[in-house]
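A.B. asks: The structure file input.tsv (TSV, C-alpha atoms) is provided below.
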chain	number	residue	atom	x	y	z
M	990	MET	CA	82.77	112.96	88.29
M	991	ILE	CA	82.08	114.99	91.43
M	992	THR	CA	81.50	118.74	91.20
M	993	PRO	CA	83.22	120.48	94.14
M	994	LEU	CA	80.74	122.13	96.50
M	995	ALA	CA	80.93	125.93	96.49
M	996	SER	CA	78.82	126.47	99.62
M	997	PHE	CA	76.88	124.74	102.39
M	998	ASP	CA	73.82	126.34	100.76
M	999	ASP	CA	74.22	124.22	97.61
M	1000	LEU	CA	73.10	121.12	99.52
M	1001	SER	CA	69.60	119.79	100.16
M	1002	VAL	CA	68.39	116.95	102.39
M	1003	GLY	CA	68.02	113.70	100.48
M	1004	GLN	CA	70.56	114.65	97.81
M	1005	LYS	CA	72.76	111.74	96.69
M	1006	PHE	CA	76.34	111.62	95.42
M	1007	GLU	CA	78.39	108.79	93.88
M	1008	PHE	CA	82.17	108.68	94.34
M	1009	GLY	CA	83.12	105.64	92.24
M	1010	SER	CA	84.91	102.75	93.90
M	1011	ILE	CA	88.10	101.70	95.65
M	1012	ARG	CA	89.83	98.31	95.76
M	1013	MET	CA	91.21	96.88	99.00
M	1014	GLU	CA	94.48	95.06	98.21
M	1015	LEU	CA	96.02	92.39	100.48
M	1016	ASP	CA	99.38	94.17	100.93
M	1017	GLU	CA	97.69	97.45	101.88
M	1018	ILE	CA	95.36	95.66	104.31
M	1019	VAL	CA	98.35	94.04	106.06
M	1020	ASP	CA	100.49	97.23	105.97
M	1021	PHE	CA	97.74	99.39	107.47
M	1022	ALA	CA	96.92	96.88	110.20
M	1023	ARG	CA	100.58	96.33	111.17
M	1024	ARG	CA	100.74	100.02	112.03
M	1025	TRP	CA	97.23	100.75	113.36
M	1026	ASP	CA	95.39	97.54	114.26
M	1027	PRO	CA	97.85	94.64	114.64
M	1028	GLN	CA	95.39	91.82	115.34
M	1029	PRO	CA	96.08	88.33	113.90
M	1030	PHE	CA	93.00	88.31	111.63
M	1031	HIS	CA	94.31	91.48	109.89
M	1032	ILE	CA	98.03	90.69	109.56
M	1033	ASP	CA	98.77	86.93	109.79
M	1034	PRO	CA	97.35	84.72	106.98
M	1035	ASP	CA	97.79	81.45	108.91
M	1036	ALA	CA	96.32	82.72	112.18
M	1037	ALA	CA	93.54	84.45	110.19
M	1038	ALA	CA	92.65	81.20	108.37
M	1039	ALA	CA	92.12	79.50	111.74
M	1040	GLY	CA	90.40	82.55	113.27
M	1041	PRO	CA	86.83	83.88	113.49
M	1042	PHE	CA	86.74	85.19	109.89
M	1043	ARG	CA	88.48	82.21	108.17
M	1044	GLY	CA	90.96	84.46	106.40
M	1045	ILE	CA	92.45	87.95	106.45
M	1046	ILE	CA	89.95	90.83	106.72
M	1047	ALA	CA	90.66	94.55	106.57
M	1048	SER	CA	90.81	96.53	109.80
M	1049	GLY	CA	87.60	98.52	110.14
M	1050	LEU	CA	89.77	101.61	110.65
M	1051	HIS	CA	91.34	100.88	107.25
M	1052	THR	CA	88.00	100.59	105.45
M	1053	GLN	CA	86.86	103.81	107.15
M	1054	ALA	CA	90.08	105.66	106.25
M	1055	ALA	CA	90.18	104.31	102.68
M	1056	CYS	CA	86.59	105.38	101.92
M	1057	PHE	CA	86.98	108.72	103.72
M	1058	SER	CA	90.24	109.56	101.93
M	1059	HIS	CA	88.60	108.63	98.62
M	1060	ILE	CA	85.91	111.23	99.32
M	1061	ILE	CA	88.43	113.88	100.43
M	1062	ARG	CA	90.55	113.24	97.31
M	1063	SER	CA	87.48	113.66	95.08
M	1064	GLY	CA	87.62	117.35	96.00
M	1065	TRP	CA	83.94	117.35	96.93
M	1066	VAL	CA	84.41	119.48	100.08
M	1067	ALA	CA	87.86	120.94	99.29
M	1068	GLN	CA	86.62	124.51	98.89
M	1069	VAL	CA	84.29	124.52	101.90
M	1070	SER	CA	85.53	122.07	104.57
M	1071	MET	CA	86.13	123.45	108.06
M	1072	GLY	CA	86.54	120.03	109.70
M	1073	GLY	CA	84.15	117.69	111.48
M	1074	ALA	CA	83.23	116.73	115.01
M	1075	GLU	CA	81.71	113.24	114.98
M	1076	GLN	CA	81.43	110.00	113.03
M	1077	LEU	CA	79.24	106.98	113.75
M	1078	VAL	CA	80.99	104.15	111.93
M	1079	ARG	CA	79.45	100.70	111.30
M	1080	TRP	CA	81.05	97.65	109.71
M	1081	PRO	CA	78.10	95.33	108.92
M	1082	ALA	CA	80.20	92.80	106.93
M	1083	PRO	CA	83.92	92.00	106.67
M	1084	VAL	CA	86.09	93.37	103.84
M	1085	ARG	CA	88.43	90.83	102.26
M	1086	PRO	CA	91.50	91.25	100.03
M	1087	GLY	CA	90.49	92.17	96.48
M	1088	ASP	CA	87.07	93.53	97.44
M	1089	GLU	CA	85.99	96.59	95.48
M	1090	ILE	CA	83.85	99.04	97.42
M	1091	ALA	CA	81.52	101.59	95.79
M	1092	VAL	CA	81.27	104.76	97.87
M	1093	SER	CA	78.16	106.96	97.94
M	1094	ALA	CA	76.72	109.71	100.13
M	1095	ARG	CA	73.27	110.99	101.06
M	1096	ILE	CA	72.61	114.31	102.78
M	1097	GLU	CA	70.72	113.58	106.02
M	1098	ALA	CA	70.48	116.97	107.76
M	1099	LEU	CA	71.51	120.59	107.29
M	1100	ASN	CA	71.88	122.98	110.21
M	1101	PRO	CA	73.09	126.53	109.56
M	1102	SER	CA	75.11	127.79	112.52
M	1103	ARG	CA	73.16	130.25	114.72
M	1104	SER	CA	76.24	131.92	116.14
M	1105	LYS	CA	78.49	131.92	113.04
M	1106	PRO	CA	76.74	133.04	109.84
M	1107	ASP	CA	79.65	131.94	107.62
M	1108	ARG	CA	79.11	128.21	108.15
M	1109	GLY	CA	76.71	125.29	108.63
M	1110	VAL	CA	76.79	121.70	109.84
M	1111	VAL	CA	75.83	118.92	107.42
M	1112	LYS	CA	75.16	115.33	108.41
M	1113	VAL	CA	76.11	112.91	105.65
M	1114	LEU	CA	75.50	109.16	105.50
M	1115	TYR	CA	78.37	107.58	103.58
M	1116	THR	CA	77.82	104.01	102.41
M	1117	GLY	CA	80.39	101.52	101.13
M	1118	ARG	CA	78.96	98.59	99.12
M	1119	ARG	CA	80.85	95.60	97.81
M	1120	LEU	CA	80.65	95.88	94.01
M	1121	THR	CA	80.10	92.19	93.31
M	1122	ASP	CA	76.89	91.78	95.33
M	1123	GLY	CA	75.90	95.16	96.77
M	1124	VAL	CA	76.43	94.09	100.38
M	1125	VAL	CA	76.99	97.09	102.68
M	1126	VAL	CA	80.41	96.79	104.33
M	1127	LEU	CA	80.68	100.32	105.75
M	1128	GLU	CA	78.36	103.07	106.94
M	1129	ILE	CA	79.64	106.40	108.25
M	1130	LEU	CA	77.17	108.94	109.58
M	1131	GLY	CA	79.51	111.91	109.64
M	1132	THR	CA	79.37	115.62	110.23
M	1133	HIS	CA	81.15	118.30	108.25
M	1134	ILE	CA	81.34	121.97	109.09
M	1135	LEU	CA	81.08	123.75	105.72
M	1136	ARG	CA	81.53	127.36	104.62
M	1137	ARG	CA	78.50	129.23	103.24
Z	1498	MET	CA	100.65	97.99	133.05
Z	1499	ILE	CA	97.56	96.36	131.55
Z	1500	THR	CA	96.72	92.75	132.38
Z	1501	PRO	CA	95.47	90.97	129.25
Z	1502	LEU	CA	91.82	89.94	129.53
Z	1503	ALA	CA	91.34	86.17	129.68
Z	1504	SER	CA	87.57	86.20	129.08
Z	1505	PHE	CA	84.54	88.42	128.45
Z	1506	ASP	CA	83.38	87.25	131.90
Z	1507	ASP	CA	86.29	89.01	133.63
Z	1508	LEU	CA	84.67	92.41	132.91
Z	1509	SER	CA	82.07	94.34	134.89
Z	1510	VAL	CA	80.11	97.48	134.03
Z	1511	GLY	CA	81.79	100.62	135.37
Z	1512	GLN	CA	85.27	99.07	135.44
Z	1513	LYS	CA	88.04	101.50	134.41
Z	1514	PHE	CA	91.38	100.92	132.70
Z	1515	GLU	CA	94.34	103.26	132.10
Z	1516	PHE	CA	96.56	102.78	129.05
Z	1517	GLY	CA	99.22	105.45	129.59
Z	1518	SER	CA	99.69	108.14	126.96
Z	1519	ILE	CA	100.76	108.76	123.37
Z	1520	ARG	CA	102.40	111.81	121.80
Z	1521	MET	CA	101.21	113.23	118.46
Z	1522	GLU	CA	104.30	114.41	116.51
Z	1523	LEU	CA	104.13	116.94	113.65
Z	1524	ASP	CA	105.77	114.68	111.06
Z	1525	GLU	CA	103.42	111.80	111.86
Z	1526	ILE	CA	100.39	114.12	111.73
Z	1527	VAL	CA	101.39	115.33	108.26
Z	1528	ASP	CA	102.36	111.84	107.00
Z	1529	PHE	CA	99.09	110.29	108.12
Z	1530	ALA	CA	96.98	113.07	106.64
Z	1531	ARG	CA	98.84	113.08	103.29
Z	1532	ARG	CA	97.70	109.49	102.84
Z	1533	TRP	CA	94.27	109.44	104.52
Z	1534	ASP	CA	92.92	112.98	104.98
Z	1535	PRO	CA	94.78	115.46	102.75
Z	1536	GLN	CA	93.07	118.68	103.83
Z	1537	PRO	CA	95.15	121.90	104.09
Z	1538	PHE	CA	94.73	122.26	107.86
Z	1539	HIS	CA	96.32	118.79	108.34
Z	1540	ILE	CA	99.20	118.93	105.83
Z	1541	ASP	CA	100.17	122.52	104.88
Z	1542	PRO	CA	101.59	124.73	107.69
Z	1543	ASP	CA	101.04	128.01	105.79
Z	1544	ALA	CA	97.48	127.26	104.70
Z	1545	ALA	CA	96.77	125.87	108.18
Z	1546	ALA	CA	98.01	129.07	109.86
Z	1547	ALA	CA	95.50	131.07	107.80
Z	1548	GLY	CA	92.73	128.49	108.20
Z	1549	PRO	CA	89.97	127.77	110.71
Z	1550	PHE	CA	92.28	126.23	113.34
Z	1551	ARG	CA	95.20	128.75	113.07
Z	1552	GLY	CA	97.76	125.99	112.67
Z	1553	ILE	CA	98.16	122.32	111.82
Z	1554	ILE	CA	95.80	119.95	113.63
Z	1555	ALA	CA	95.77	116.15	113.49
Z	1556	SER	CA	93.22	114.41	111.29
Z	1557	GLY	CA	90.47	113.02	113.51
Z	1558	LEU	CA	91.06	109.66	111.81
Z	1559	HIS	CA	94.69	109.87	112.97
Z	1560	THR	CA	93.80	110.57	116.61
Z	1561	GLN	CA	91.27	107.73	116.48
Z	1562	ALA	CA	93.78	105.30	114.89
Z	1563	ALA	CA	96.64	106.36	117.20
Z	1564	CYS	CA	94.61	105.84	120.38
Z	1565	PHE	CA	93.02	102.62	119.10
Z	1566	SER	CA	96.36	101.13	118.04
Z	1567	HIS	CA	97.81	102.07	121.45
Z	1568	ILE	CA	95.05	100.01	123.09
Z	1569	ILE	CA	95.51	97.07	120.71
Z	1570	ARG	CA	99.30	97.12	121.27
Z	1571	SER	CA	98.77	97.07	125.04
Z	1572	GLY	CA	97.58	93.48	124.56
Z	1573	TRP	CA	94.43	94.13	126.56
Z	1574	VAL	CA	92.13	92.18	124.23
Z	1575	ALA	CA	94.79	90.14	122.39
Z	1576	GLN	CA	93.66	86.78	123.80
Z	1577	VAL	CA	89.92	87.37	123.42
Z	1578	SER	CA	89.23	89.78	120.52
Z	1579	MET	CA	86.88	88.57	117.78
Z	1580	GLY	CA	86.54	91.99	116.10
Z	1581	GLY	CA	84.05	94.81	116.42
Z	1582	ALA	CA	81.01	96.16	114.61
Z	1583	GLU	CA	80.61	99.84	115.46
Z	1584	GLN	CA	82.38	102.94	116.80
Z	1585	LEU	CA	80.87	106.30	117.67
Z	1586	VAL	CA	83.82	108.70	117.46
Z	1587	ARG	CA	83.81	112.30	118.75
Z	1588	TRP	CA	86.54	114.91	118.49
Z	1589	PRO	CA	85.50	117.63	121.01
Z	1590	ALA	CA	88.76	119.62	120.68
Z	1591	PRO	CA	91.57	119.77	118.11
Z	1592	VAL	CA	94.85	117.86	118.58
Z	1593	ARG	CA	98.00	119.87	117.81
Z	1594	PRO	CA	101.61	118.78	117.17
Z	1595	GLY	CA	103.34	117.79	120.41
Z	1596	ASP	CA	100.11	117.09	122.29
Z	1597	GLU	CA	100.30	114.12	124.65
Z	1598	ILE	CA	97.07	112.21	125.05
Z	1599	ALA	CA	96.25	109.96	128.02
Z	1600	VAL	CA	94.05	107.03	126.99
Z	1601	SER	CA	91.56	105.38	129.33
Z	1602	ALA	CA	88.54	103.08	129.04
Z	1603	ARG	CA	85.35	102.44	130.97
Z	1604	ILE	CA	83.11	99.41	130.53
Z	1605	GLU	CA	79.63	100.67	129.60
Z	1606	ALA	CA	77.65	97.51	128.81
Z	1607	LEU	CA	78.09	93.74	128.66
Z	1608	ASN	CA	75.83	91.54	126.55
Z	1609	PRO	CA	76.52	87.80	126.37
Z	1610	SER	CA	75.54	86.44	122.96
Z	1611	ARG	CA	72.26	84.49	123.03
Z	1612	SER	CA	73.01	82.46	119.93
Z	1613	LYS	CA	76.75	81.86	120.45
Z	1614	PRO	CA	77.69	80.81	124.00
Z	1615	ASP	CA	81.44	81.24	123.37
Z	1616	ARG	CA	81.31	85.06	123.13
Z	1617	GLY	CA	79.83	88.36	124.32
Z	1618	VAL	CA	79.62	91.97	123.17
Z	1619	VAL	CA	81.19	94.68	125.32
Z	1620	LYS	CA	80.60	98.39	124.88
Z	1621	VAL	CA	83.62	100.42	125.94
Z	1622	LEU	CA	83.94	104.19	126.20
Z	1623	TYR	CA	87.52	105.14	125.33
Z	1624	THR	CA	88.59	108.66	126.28
Z	1625	GLY	CA	91.65	110.61	125.14
Z	1626	ARG	CA	92.62	113.57	127.35
Z	1627	ARG	CA	95.35	116.13	126.70
Z	1628	LEU	CA	97.89	115.59	129.48
Z	1629	THR	CA	98.65	119.28	130.08
Z	1630	ASP	CA	95.10	120.35	130.98
Z	1631	GLY	CA	92.82	117.28	130.93
Z	1632	VAL	CA	90.76	118.51	127.97
Z	1633	VAL	CA	88.98	115.63	126.22
Z	1634	VAL	CA	90.15	115.47	122.59
Z	1635	LEU	CA	88.70	112.06	121.66
Z	1636	GLU	CA	85.83	109.82	122.71
Z	1637	ILE	CA	85.19	106.44	121.12
Z	1638	LEU	CA	82.16	104.42	122.17
Z	1639	GLY	CA	83.20	101.14	120.63
Z	1640	THR	CA	82.08	97.55	120.60
Z	1641	HIS	CA	84.26	94.48	120.86
Z	1642	ILE	CA	83.17	90.89	120.42
Z	1643	LEU	CA	85.14	88.95	123.05
Z	1644	ARG	CA	85.62	85.24	123.76
Z	1645	ARG	CA	84.27	83.79	127.01
How does the structure come out when it is put into structure tokens?
C.D. replies:
Amino acid sequence: MITPLASFDDLSVGQKFEFGSIRMELDEIVDFARRWDPQPFHIDPDAAAAGPFRGIIASGLHTQAACFSHIIRSGWVAQVSMGGAEQLVRWPAPVRPGDEIAVSARIEALNPSRSKPDRGVVKVLYTGRRLTDGVVVLEILGTHILRR
Amino acid sequence: MITPLASFDDLSVGQKFEFGSIRMELDEIVDFARRWDPQPFHIDPDAAAAGPFRGIIASGLHTQAACFSHIIRSGWVAQVSMGGAEQLVRWPAPVRPGDEIAVSARIEALNPSRSKPDRGVVKVLYTGRRLTDGVVVLEILGTHILRR
């Protein structure tokens, strides 16, 4: 699947990566939200049915964490990651129980550090698309600090 | 502590709210990261000691989720929340085991919906500061859709 990056210098702007897909299950949606985002439309089927989304939807934090952990577990940045400083996260459409989300990435910008020659900052646009119809349900414009 | 909001119209730009503080414990930092962000500097004390942060630090996703859930649990938006569409999240400084983080909010912008008279969009800047020295460890510029 994904070849682990060996260096910041292996990347180029515009490069694309595919990470396969994840499935958002009802019990995980409810479990996550009970701990981190206990709002009725994430945890209570009856209240959710009468609420603004007409049924349970995943917490945006859950979709973000599920897609991000999927990328981390792929090993893509395991050899080079030195953390990150910022994420712009968008949830353009709700995620419902059973939705499968395809995760991809595109390299947006590469900035070698001026003060620290052993590293660089990469901006990556991660996109989560619902498999059935291609609708974008998550965008993360994130930064990683990567070893060179 | 926090008085639950009764309507979008109760807010004004510049208004500030204090949510008390949370404490980031080592076992919770490791547990969260094992599931959602399994990088050595979040889950492995030995590797972390030799790594870029010279010790375990919390996953940024964890700090974000911990502060956000603290706000949700305060009940502040419980009567009016209709979800959110975007968060810009910054982690200006690492969070270490035992750190206590004071959580506050400032209303940045208020936009009544033009098409749906029952709701409005509020932009809120959430800030997490380390209690011991006031250093900002988290900023979230988030949106909420709130009932009027």
A.B. asks: Leaving out region 1551-1563 of chain Z and any residue of its chain fewer than 6 positions from it, which residues lie within 8 Å of it when counting all atoms listed in the file, given as a ChimeraX atom specification?
C.D. replies: /M:1025-1026,1050,1054 /Z:1519,1521,1526-1527,1529-1530,1533-1534,1538-1543,1545,1586,1588,1591-1594,1635,1637
A.B. asks: Dump as a list in words the residues of chain Z that approach chain M to within 8 Å, counting all atoms listed in the file.
C.D. replies: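 Matching residues, ligands excluded from the count: Arg1532, Trp1533, Asp1534, Pro1535, Gln1536, Pro1549, Leu1558, Ala1562, Ala1563, Phe1565, Ser1566, Ile1569, Arg1570, Ala1575, Met1579, Gly1581, Ala1582, Glu1583, Gln1584, Leu1585, Val1586, Arg1587, Trp1588 and Pro1589 of chain Z.
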A.B. asks: Where does chain Z end up after superposition onto chain M over all in-order Cα pairs? Give it as a JSON list (two decimals) with C-alpha atoms, in the frame of the given file.
C.D. replies:
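As written to disk, superposed34.json reads:
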[["chain", "number", "residue", "atom", "x", "y", "z"],
["Z", 1498, "MET", "CA", 82.81, 113.00, 88.28],
["Z", 1499, "ILE", "CA", 82.08, 115.00, 91.43],
["Z", 1500, "THR", "CA", 81.52, 118.75, 91.21],
["Z", 1501, "PRO", "CA", 83.23, 120.49, 94.14],
["Z", 1502, "LEU", "CA", 80.74, 122.12, 96.50],
["Z", 1503, "ALA", "CA", 80.93, 125.92, 96.48],
["Z", 1504, "SER", "CA", 78.83, 126.47, 99.61],
["Z", 1505, "PHE", "CA", 76.88, 124.74, 102.39],
["Z", 1506, "ASP", "CA", 73.80, 126.33, 100.77],
["Z", 1507, "ASP", "CA", 74.22, 124.24, 97.60],
["Z", 1508, "LEU", "CA", 73.09, 121.11, 99.51],
["Z", 1509, "SER", "CA", 69.59, 119.78, 100.16],
["Z", 1510, "VAL", "CA", 68.38, 116.96, 102.39],
["Z", 1511, "GLY", "CA", 68.02, 113.69, 100.48],
["Z", 1512, "GLN", "CA", 70.57, 114.64, 97.81],
["Z", 1513, "LYS", "CA", 72.77, 111.72, 96.70],
["Z", 1514, "PHE", "CA", 76.35, 111.62, 95.42],
["Z", 1515, "GLU", "CA", 78.39, 108.79, 93.87],
["Z", 1516, "PHE", "CA", 82.16, 108.67, 94.33],
["Z", 1517, "GLY", "CA", 83.12, 105.65, 92.23],
["Z", 1518, "SER", "CA", 84.89, 102.74, 93.89],
["Z", 1519, "ILE", "CA", 88.10, 101.70, 95.64],
["Z", 1520, "ARG", "CA", 89.83, 98.31, 95.75],
["Z", 1521, "MET", "CA", 91.20, 96.88, 99.01],
["Z", 1522, "GLU", "CA", 94.50, 95.07, 98.21],
["Z", 1523, "LEU", "CA", 96.03, 92.40, 100.48],
["Z", 1524, "ASP", "CA", 99.37, 94.17, 100.92],
["Z", 1525, "GLU", "CA", 97.69, 97.45, 101.86],
["Z", 1526, "ILE", "CA", 95.36, 95.66, 104.30],
["Z", 1527, "VAL", "CA", 98.34, 94.06, 106.06],
["Z", 1528, "ASP", "CA", 100.48, 97.24, 105.98],
["Z", 1529, "PHE", "CA", 97.73, 99.39, 107.45],
["Z", 1530, "ALA", "CA", 96.92, 96.89, 110.19],
["Z", 1531, "ARG", "CA", 100.58, 96.34, 111.16],
["Z", 1532, "ARG", "CA", 100.73, 100.03, 112.04],
["Z", 1533, "TRP", "CA", 97.22, 100.76, 113.35],
["Z", 1534, "ASP", "CA", 95.40, 97.54, 114.26],
["Z", 1535, "PRO", "CA", 97.85, 94.63, 114.63],
["Z", 1536, "GLN", "CA", 95.39, 91.82, 115.35],
["Z", 1537, "PRO", "CA", 96.07, 88.33, 113.90],
["Z", 1538, "PHE", "CA", 93.01, 88.31, 111.64],
["Z", 1539, "HIS", "CA", 94.30, 91.50, 109.91],
["Z", 1540, "ILE", "CA", 98.03, 90.71, 109.57],
["Z", 1541, "ASP", "CA", 98.78, 86.95, 109.78],
["Z", 1542, "PRO", "CA", 97.34, 84.74, 106.98],
["Z", 1543, "ASP", "CA", 97.80, 81.47, 108.92],
["Z", 1544, "ALA", "CA", 96.32, 82.72, 112.18],
["Z", 1545, "ALA", "CA", 93.56, 84.45, 110.20],
["Z", 1546, "ALA", "CA", 92.65, 81.21, 108.38],
["Z", 1547, "ALA", "CA", 92.12, 79.51, 111.75],
["Z", 1548, "GLY", "CA", 90.39, 82.54, 113.29],
["Z", 1549, "PRO", "CA", 86.84, 83.88, 113.50],
["Z", 1550, "PHE", "CA", 86.75, 85.20, 109.91],
["Z", 1551, "ARG", "CA", 88.50, 82.22, 108.17],
["Z", 1552, "GLY", "CA", 90.96, 84.48, 106.40],
["Z", 1553, "ILE", "CA", 92.45, 87.97, 106.44],
["Z", 1554, "ILE", "CA", 89.95, 90.82, 106.73],
["Z", 1555, "ALA", "CA", 90.65, 94.55, 106.57],
["Z", 1556, "SER", "CA", 90.81, 96.53, 109.80],
["Z", 1557, "GLY", "CA", 87.59, 98.51, 110.16],
["Z", 1558, "LEU", "CA", 89.77, 101.59, 110.66],
["Z", 1559, "HIS", "CA", 91.34, 100.87, 107.26],
["Z", 1560, "THR", "CA", 88.00, 100.59, 105.45],
["Z", 1561, "GLN", "CA", 86.86, 103.79, 107.16],
["Z", 1562, "ALA", "CA", 90.09, 105.65, 106.27],
["Z", 1563, "ALA", "CA", 90.17, 104.30, 102.69],
["Z", 1564, "CYS", "CA", 86.60, 105.37, 101.93],
["Z", 1565, "PHE", "CA", 86.99, 108.71, 103.73],
["Z", 1566, "SER", "CA", 90.24, 109.55, 101.94],
["Z", 1567, "HIS", "CA", 88.60, 108.63, 98.61],
["Z", 1568, "ILE", "CA", 85.90, 111.23, 99.33],
["Z", 1569, "ILE", "CA", 88.41, 113.87, 100.42],
["Z", 1570, "ARG", "CA", 90.55, 113.24, 97.31],
["Z", 1571, "SER", "CA", 87.48, 113.64, 95.09],
["Z", 1572, "GLY", "CA", 87.62, 117.34, 96.02],
["Z", 1573, "TRP", "CA", 83.95, 117.36, 96.96],
["Z", 1574, "VAL", "CA", 84.41, 119.49, 100.09],
["Z", 1575, "ALA", "CA", 87.86, 120.93, 99.29],
["Z", 1576, "GLN", "CA", 86.63, 124.52, 98.89],
["Z", 1577, "VAL", "CA", 84.30, 124.53, 101.90],
["Z", 1578, "SER", "CA", 85.53, 122.07, 104.56],
["Z", 1579, "MET", "CA", 86.13, 123.45, 108.06],
["Z", 1580, "GLY", "CA", 86.55, 120.03, 109.71],
["Z", 1581, "GLY", "CA", 84.18, 117.69, 111.49],
["Z", 1582, "ALA", "CA", 83.22, 116.73, 115.02],
["Z", 1583, "GLU", "CA", 81.73, 113.24, 114.99],
["Z", 1584, "GLN", "CA", 81.44, 109.99, 113.01],
["Z", 1585, "LEU", "CA", 79.24, 107.00, 113.74],
["Z", 1586, "VAL", "CA", 80.98, 104.13, 111.93],
["Z", 1587, "ARG", "CA", 79.45, 100.68, 111.30],
["Z", 1588, "TRP", "CA", 81.04, 97.65, 109.70],
["Z", 1589, "PRO", "CA", 78.08, 95.32, 108.91],
["Z", 1590, "ALA", "CA", 80.18, 92.80, 106.93],
["Z", 1591, "PRO", "CA", 83.90, 92.01, 106.68],
["Z", 1592, "VAL", "CA", 86.08, 93.38, 103.85],
["Z", 1593, "ARG", "CA", 88.42, 90.83, 102.25],
["Z", 1594, "PRO", "CA", 91.49, 91.26, 100.01],
["Z", 1595, "GLY", "CA", 90.48, 92.18, 96.46],
["Z", 1596, "ASP", "CA", 87.07, 93.53, 97.45],
["Z", 1597, "GLU", "CA", 85.98, 96.59, 95.47],
["Z", 1598, "ILE", "CA", 83.83, 99.03, 97.39],
["Z", 1599, "ALA", "CA", 81.51, 101.59, 95.78],
["Z", 1600, "VAL", "CA", 81.26, 104.76, 97.86],
["Z", 1601, "SER", "CA", 78.17, 106.96, 97.93],
["Z", 1602, "ALA", "CA", 76.72, 109.70, 100.15],
["Z", 1603, "ARG", "CA", 73.29, 111.00, 101.07],
["Z", 1604, "ILE", "CA", 72.60, 114.32, 102.78],
["Z", 1605, "GLU", "CA", 70.73, 113.58, 106.02],
["Z", 1606, "ALA", "CA", 70.49, 116.96, 107.77],
["Z", 1607, "LEU", "CA", 71.51, 120.59, 107.28],
["Z", 1608, "ASN", "CA", 71.88, 122.98, 110.21],
["Z", 1609, "PRO", "CA", 73.09, 126.53, 109.57],
["Z", 1610, "SER", "CA", 75.11, 127.79, 112.52],
["Z", 1611, "ARG", "CA", 73.18, 130.25, 114.70],
["Z", 1612, "SER", "CA", 76.26, 131.91, 116.15],
["Z", 1613, "LYS", "CA", 78.49, 131.92, 113.05],
["Z", 1614, "PRO", "CA", 76.74, 133.04, 109.85],
["Z", 1615, "ASP", "CA", 79.64, 131.96, 107.61],
["Z", 1616, "ARG", "CA", 79.10, 128.20, 108.14],
["Z", 1617, "GLY", "CA", 76.70, 125.29, 108.63],
["Z", 1618, "VAL", "CA", 76.79, 121.69, 109.83],
["Z", 1619, "VAL", "CA", 75.85, 118.92, 107.41],
["Z", 1620, "LYS", "CA", 75.16, 115.33, 108.41],
["Z", 1621, "VAL", "CA", 76.09, 112.91, 105.64],
["Z", 1622, "LEU", "CA", 75.50, 109.17, 105.50],
["Z", 1623, "TYR", "CA", 78.38, 107.58, 103.58],
["Z", 1624, "THR", "CA", 77.83, 104.01, 102.41],
["Z", 1625, "GLY", "CA", 80.39, 101.51, 101.13],
["Z", 1626, "ARG", "CA", 78.96, 98.59, 99.12],
["Z", 1627, "ARG", "CA", 80.84, 95.58, 97.78],
["Z", 1628, "LEU", "CA", 80.63, 95.88, 93.99],
["Z", 1629, "THR", "CA", 80.10, 92.17, 93.29],
["Z", 1630, "ASP", "CA", 76.89, 91.77, 95.31],
["Z", 1631, "GLY", "CA", 75.90, 95.16, 96.77],
["Z", 1632, "VAL", "CA", 76.45, 94.08, 100.38],
["Z", 1633, "VAL", "CA", 76.99, 97.08, 102.67],
["Z", 1634, "VAL", "CA", 80.42, 96.79, 104.31],
["Z", 1635, "LEU", "CA", 80.68, 100.32, 105.76],
["Z", 1636, "GLU", "CA", 78.36, 103.07, 106.94],
["Z", 1637, "ILE", "CA", 79.63, 106.39, 108.26],
["Z", 1638, "LEU", "CA", 77.17, 108.95, 109.58],
["Z", 1639, "GLY", "CA", 79.52, 111.90, 109.65],
["Z", 1640, "THR", "CA", 79.38, 115.61, 110.22],
["Z", 1641, "HIS", "CA", 81.17, 118.29, 108.25],
["Z", 1642, "ILE", "CA", 81.34, 121.97, 109.09],
["Z", 1643, "LEU", "CA", 81.09, 123.74, 105.71],
["Z", 1644, "ARG", "CA", 81.51, 127.36, 104.61],
["Z", 1645, "ARG", "CA", 78.50, 129.24, 103.25]]
A.B. asks: Find, counting only C-alpha atoms, the residue in M:Ile1134, M:Lys1105, M:Ile1090, M:Ala1098 that gets nearest to Asp1122 (chain M).
C.D. replies: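 Of M:Ile1134, M:Lys1105, M:Ile1090, M:Ala1098, the one nearest Asp1122 (chain M) is M:Ile1090, counting only C-alpha atoms.
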A.B. asks: So the first atom is CA of Glu1525 (chain Z) and the second is CA of Asp1020 (chain M); what is the distance between them in Å, to one decimal place?
C.D. replies: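 Distance reported for this atom pair: 16.0 Å.
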A.B. asks: Choose the residue, out of M:Ser1063, M:Ala1091, M:Asp998, M:Met990, that has the smallest atom-to-atom separation from Val1126 (chain M); count all atoms listed in the file.
C.D. replies: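 Checking each candidate against Val1126 (chain M), we get M:Ala1091 as the closest.
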A.B. asks: Rounded to one decimal, what separation in Å do you get between CA of Ser1504 (chain Z) and CA of Asp1615 (chain Z)?
C.D. replies: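 Spanning CA of Ser1504 (chain Z) to CA of Asp1615 (chain Z) is a straight-line distance of 9.7 Å.
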A.B. asks: Of the candidates M:Val1069, M:Pro1106, M:Ala1094, M:Asp1016, which shows the shortest atom-to-atom distance to Gln1004 (chain M), using only C-alpha atoms?
C.D. replies: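 Among the listed residues, the smallest separation from Gln1004 (chain M) belongs to M:Ala1094.
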A.B. asks: Rounded to one decimal place, report the CA of Pro1101 (chain M)-CA of Gly1117 (chain M) distance in Å.
C.D. replies: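 Distance between the two atoms: 27.4 Å.
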A.B. asks: Given 8 Å of margin on each side, can you work out the centre and size in Å (one decimal) of an axis-aligned box holding every listed atom of region 1061-1074 of chain M, as JSON?
C.D. replies:
{"center_x": 86.9, "center_y": 118.9, "center_z": 105.0, "size_x": 23.3, "size_y": 27.3, "size_z": 35.9}
